[in-house]
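Colleague: The structure is given below, and queries will be raised subsequently.
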Amino acid sequence: MTRLADYFVVVGYDSEKTGSVEGSGKIIQRFPRKDWDDAPFPQGIELFCQPAGWQLSTERKQPTYFVVVLTDIDSDRHYCACLTFHEAEINLQGCKRDEIGEEEDTGLIQPAQVFAPKSLVLVSQLDYPEIFKACLGLIYTVYVDSLNVNLENVITNLFTCLVPVAGGSQKLFSLGAGDRQLIQTPLYDGLPVTSTSVALLFQQLGIQQVFSLFCAVLTENKIIFHSTSHQRLGEASRALESLIFPLKYSYPYIPILPARLLEVLSSPTPFIIGVHSMFHSEIHELLDVIIADLDGGTIKIPECIHLSQLPEPLLHQTQEALSLVIHPDLEVADYAFPPVRTAPSNLRMLDKEVRAVFLRLFAQLFQGYRSCLQLIRIHPEPVIHFHKAAFLGQRGLVENDFLTKVLDGMAFAGFVSERGPPYRSCDLFDDLVAFDVERIKSEEGIPPKMLKHIRELAEQLYKNENPNPHMAFQKVPKPTEGSHMRVHVPSFPKINEDKVETLLQESLAKHLNSPPAVRVEKKCIVPAGPSVVSIMDRMGSIFNSARRLEVVRNCISYIFEYKVLETEKTLPAALRALKGRVARQCLIEELSLHVQQNRAILDHQQFDYIVRMINCALQDCSASEEYYVAATLLPLTTAFYRKLAIGVNQFAYTCVQDHHVWANQQFWEATFYNDVQSQIRALYLTSRNENFLSNFKQKDKDPLPTEQEKRVMDLAAEQLRLWPTLHKEKQQELEKGEENTVFSQAIHYAQLMVYLLVPLDTSKNKLLRNAATGDWESGSNSFVTNSIAGSVAESYDTESGFEDAENNDVANAVIRFIMRFIDKVCTESGVTQDHIKNLHCMIPGIVAMHIETLEAVHRESRRLPPIQKPKILRPALLPGEEFVGEGLRVVLDSDGREEASGGPLGGPHILPAEGALFLTTYRIIFKGTPHDPLVGEQTIVRSFPIASMTKEKKISIQIQLQQNTQEGLQIRSSTFQIIKVAFDEEVNSEMVEIFKKHMVRFRYPQSIFTTFAFAAGQNAPQIILPKQKEKKYFVPHSFQKHCKKCEESWKNDHRPSVYSEKETSCFDNR
C-alpha cells in the first residue's frame, strides 16, 4: 500500500517582500517537517501555487482548485493539488486606508479592503485529483465554517490513510470530520485514467486540431496550451498524453507553468507545457512551438515546422472513426426519414470511445512489432533490440517520415524496454495487437461493425476506471454557500506542528508491525500475434515471376557446370532479374546450396560471374529489405574464393567492398544482434535443458512445440519464469554462458568487418571516407542506454604498428569503426569490461595481419590477364567536324527512359552499353554496343552539340556489368538529352579531368568565330590525351593565328548587309 498524501503544505503571501514589483509566496507550514525516505519534498512549490504570480486583491474571490505536476530528477512525478482562497491581509490594511485618505476613527471594526491569496497544497505520488479535491475542500470547510473538528487530526489522517494497490480494489476512509470517502483503484495501473479530459479536449479544439497535436507529440515537437483556466490546462495536457498510449511521454511535462519560469519555453528539447493566457504575447514570439488556444479552439503551427502525418490509409480511417464517435448523427444527417437514434453517449463514455479509436490506431500501426524484436540476453535481465529497418521494410513504410520519427523517438525506446520482455503482465493493448488486428482490418468501410468494436473497447476502458458498478455511499461536507464572501472571516489558523508530529508517530508505530500489502503481479507469456505485413494490400511484382527465377537458377547452374557460352547468354537477363527481391533470395539459396556441396573453389571465369551476381544483388540492398540481402550474402563472400598462386587465395569479399552497406553501423548492429539471438536460442535448446521444456505449460494449454518450432521468445519466457526457482550457482552459470556467447560473436564480427572494410588496394579507402555521419550513429531501441567507451577516440598508430606505413590512414579508420561497433554492442549486451579490453587489444593485430595478407593477394591479382573488352568503335563525323582527343572507354547507363531498358512494355535491353565517349569540335558522342548478347549486333550512338550542354557533374554509378568502374559523369543538354556514363578502370582521374576541361573550353569559347559554325572546315590539330600525366594543354598558336585571320577575312568580305550600325560597330570593336 501507498500513502494517500506525502505532504500537506500551507503557502501564503510573503508580506515582508512588499517592496518588489511582483509579490511572492512563502511556505508557512509543512507537514511532516522531515522528508520521507521514499519521497523527497519538492522544491519551489510556492511558485506553482500561484502560476500567474502572487497578487493582492481588493475583493474576495471564489476558492480555486487545480493540480500541478512536478517531475523530480529521477523522472518520478509528484501531484500537487492546490486549493487557493483569499483572506484579509492584516499587515497591509492600515496602508490601504492611508492611501484612500481615511482619517476619521469611528471606533467600529472596518471591513478588510486588501486580500491576499493562501493555498492549501497536498503533495502525493498518486494521481487521484477528485479525492485530493475532496480532502482539501474538507479542510477548508472546517476552517471557514468553524466546525468543531481538530485540524491536527484531519491532517494526520491524510498521511496514515493507505491506498490499496491497483487491481480494482476499494478503500473506505474518513479524515475524522464527519466525512465518508471512497478510493477506487483502476484494474491496470498502466492504463491512463482520464475521466472526461479527452472528450473535453475534442470539444474545445475539434477533430482535426487534436489530430495535429497528436501527430506533433509523436514526432517530438514542442507544444504549448494556453487558457484562462488552470484546470483546463491540466486536463488538456493529461488528455494529450493519454492519447499516445501505449507510448509514454518522456520529455518535460509541465501542465501549468509559473510566470517566473517562462524561460523554460526556450528549451531546445520537446515538451508539453500549459501557460496562462495572460502571457499570450510572450509565447507568440516563439518560432518553433505549436500553440493551442483552448479557449478559442485554434492551434498555430509555425511555417518552420513540417508536421508529419499518419500514413494512408490509417489517417483516413482514424478520422472517419472519430467522426462516427463524436458526431453520431452525421451518417444519417441527409436521410429524409432518419431512424430513431438512441441517446448519445455520456461524456465519460464518449471519452473512452475516443480513446478506443486511438488504441485501434496503435494496434494497426505496431502490428507484428514483436516479430522484429531481437533478444540479446535473457539473464540476469532481458536485453532486447528492435529491428527498425526490418519493421519499416516489411510494413512498406521506409519512406514514411511519420513512422520513422516515431520509431526513432524516446517514447518508442521506452515502449520496447517495457513491452519487449516475453514474460510479464499483459494489458488491453497486448491482447488487441495480438488478436484483433485482423478484425480491425476486416471492419474497414463498415461503420456498424467498427462502432461495435469501438464500444467494446470503450467498455473495457471504462471498467478499468470503474471496476465496481455499485459504488459505496460517499459523504463529504462542503462549505456553506457564499461563505467566502463573509465580511469577518478569521485567518487560517496556525496548526500545532508538534501535535501533528506526535499523532503521526503514534499512527506509524501501529502500522509498523503490520505486513505490507504486496500485490502479486500476474505474469504470463506475451502473445506474439501476427507477423509484420505491408500496410497496403499490394499484389506481387511481375518481375518476380517463375520464369525470371528460372533464369537465375539456370545461370548459376551454367556457371558451375563450366558452360561459358550459355552463361554469357543468360547472365544479362539474370542480372536484370536480380532487381526483384524474390530473385535475390533465389540467388542466395542457390549459392548457399553450392557452398554446402563443397563447390566454393572457383576458377577465374566462375569467380568473375559469381562476383558480378553478388554485386548486382547488393546494389539495391537498403533498409527496405532490413539488410536481409547483405546479411545473408555476408557468409557467402567469405566462402567463395579462387587460387591466384601457391598459398595465395582471393575471396569474394575483396571484390564486393564498394557498397555503402558495409560502412553502415546500423546494418552491423542488426546483423550482429540477429546472430546473437540465434546463438542464445541454440544455447537453451541443448539436452541439459530438456527437463525445463518438459515441465513448461503454455497459457493456452496447447501441445508443446518441437525444438525446431520453438521461437526464441518462447524459450526466453520459459527461462524468465524458471529464473526465481534456480540456485544461485545455476544462475551464475547461465549468465556466464550468455556472456561468453556474445563475446565470441563479437570476435567473429570484428573479423568479418575487417574483411569487408580493409580494401584490396590499401591506397583506396573510399568506403569509410565517404561514409555519412549518420551511418556511424545507432538507431536502435534497446534496454540499455547507448554508450561508447572512451577508448574509441584514442589513436592506434603505435599499437597497430603502422606509424610509417602508407596504409596508416586505412588501418586507423577501420580500427576506429570496429572499436565503435564493439563498444556499442558489447556495452548493451552486458559483456564484461575485461572482455571489451581484450577485444581492444585484439583488433589492431587482426587488421595488421589482414593488410599483410592482402598485399600478396593484390600483387597476384594484378598479374591476371585482363578481361577481354569490346573494340572501341569510332563514330562518323560531319563535314568539318574533327576529334579533339581519343575516346575514353565507358559504360553508358540507363537514364530512366524505359524504352531503352526493356520497361513494362517489353523490348530489347540495349542499355547498359559498352563503348567510348568522344569529344569533337561540334559534339559529345557515345558509341558502343549493348552488353546483352541477344542485341549485341546493334550499335548505340548518343550525341548532342557541345554548345547545348547545360550541366555536367561527377556522380557515382554502380554498374555490375563492368567491374572496377571508378567514377561516373552525367552530362545534360538543352536538347532534352542526357549522357550518363561510368568510366572504365583504364581511365584514370587525370584523363577525366582533362576531358572535362576541354569540354568546358569548347562549350564556352573565347569568340563565337572559334565555334563549329564558323570554324568548320579549318584544320584544327588533334589534341592527344596522354596515357599517364600531362601538366597542361593548349590549343596550338598556329591554330589561333589561323582562326584570327579567318575572322578578319570574314569581317571584311562577308559582313551581312542586314546588320544595323550598332551591330556593325560591335563587330568592329571585336
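By order of appearance in the C-alpha cells: chains A, B, ..., then residues from 1 within every chain, and ligands from 1 in the order shown.
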Neighbours of range 942-949 of chain A within 12 Å (only C-alpha atoms; same-chain residues fewer than 2 positions away dropped), as a PyMOL selection string?
Modeller: chain A and resi 875-878+881+892-894+900+911+913+915-929+939-940+951-953+970-981+996+998-1005+1008+1010-1013
Colleague: Which residues are near Lys222 in chain A? Cut-off 7 Å, only C-alpha atoms, ignore same chain within fewer than 4 positions. Put them as an MDAnalysis selection string.
Modeller: chainID A and resid 270:272 289:290
Colleague: Tell me which protein, DNA and RNA residues are within 8 Å of Asn153 in chain A, counting only C-alpha atoms, leaving out same-chain ones fewer than 2 positions away, and put them as a ChimeraX atom specification.
Modeller: /A:150-151,155-157,175-176,500,503
Colleague: Take the residues just selected and output them with N, CA, C and O atoms as a PDB file, in the first residue's frame.
Modeller:
ATOM      1  N   ASN A 150     -10.858  18.930  15.048  1.00  0.00           N
ATOM      2  CA  ASN A 150      -9.437  19.220  15.256  1.00  0.00           C
ATOM      3  C   ASN A 150      -8.693  19.064  13.933  1.00  0.00           C
ATOM      4  O   ASN A 150      -8.617  17.962  13.361  1.00  0.00           O
ATOM      5  N   LEU A 151      -8.125  20.153  13.416  1.00  0.00           N
ATOM      6  CA  LEU A 151      -7.418  20.113  12.140  1.00  0.00           C
ATOM      7  C   LEU A 151      -6.167  19.233  12.215  1.00  0.00           C
ATOM      8  O   LEU A 151      -5.763  18.634  11.206  1.00  0.00           O
ATOM      9  N   ILE A 155      -5.298  16.349   9.420  1.00  0.00           N
ATOM     10  CA  ILE A 155      -4.056  16.324   8.639  1.00  0.00           C
ATOM     11  C   ILE A 155      -3.295  15.027   8.895  1.00  0.00           C
ATOM     12  O   ILE A 155      -2.724  14.428   7.975  1.00  0.00           O
ATOM     13  N   THR A 156      -3.287  14.578  10.134  1.00  0.00           N
ATOM     14  CA  THR A 156      -2.600  13.321  10.432  1.00  0.00           C
ATOM     15  C   THR A 156      -3.227  12.158   9.690  1.00  0.00           C
ATOM     16  O   THR A 156      -2.532  11.267   9.168  1.00  0.00           O
ATOM     17  N   ASN A 157      -4.560  12.158   9.609  1.00  0.00           N
ATOM     18  CA  ASN A 157      -5.248  11.069   8.909  1.00  0.00           C
ATOM     19  C   ASN A 157      -4.911  11.042   7.414  1.00  0.00           C
ATOM     20  O   ASN A 157      -5.030   9.998   6.769  1.00  0.00           O
ATOM     21  N   LEU A 175     -11.427  11.207   7.241  1.00  0.00           N
ATOM     22  CA  LEU A 175     -10.415  12.083   7.832  1.00  0.00           C
ATOM     23  C   LEU A 175     -10.835  12.557   9.228  1.00  0.00           C
ATOM     24  O   LEU A 175     -10.110  13.336   9.855  1.00  0.00           O
ATOM     25  N   GLY A 176     -11.993  12.102   9.702  1.00  0.00           N
ATOM     26  CA  GLY A 176     -12.433  12.456  11.056  1.00  0.00           C
ATOM     27  C   GLY A 176     -13.174  13.759  11.128  1.00  0.00           C
ATOM     28  O   GLY A 176     -13.208  14.398  12.181  1.00  0.00           O
ATOM     29  N   VAL A 500       0.854  17.369  15.512  1.00  0.00           N
ATOM     30  CA  VAL A 500       0.756  16.568  14.281  1.00  0.00           C
ATOM     31  C   VAL A 500       1.872  15.531  14.244  1.00  0.00           C
ATOM     32  O   VAL A 500       1.648  14.363  13.892  1.00  0.00           O
ATOM     33  N   LEU A 503       1.024  12.703  16.768  1.00  0.00           N
ATOM     34  CA  LEU A 503      -0.021  11.822  16.275  1.00  0.00           C
ATOM     35  C   LEU A 503       0.473  10.958  15.115  1.00  0.00           C
ATOM     36  O   LEU A 503       0.115   9.780  15.000  1.00  0.00           O
TER      37      LEU A 503
END
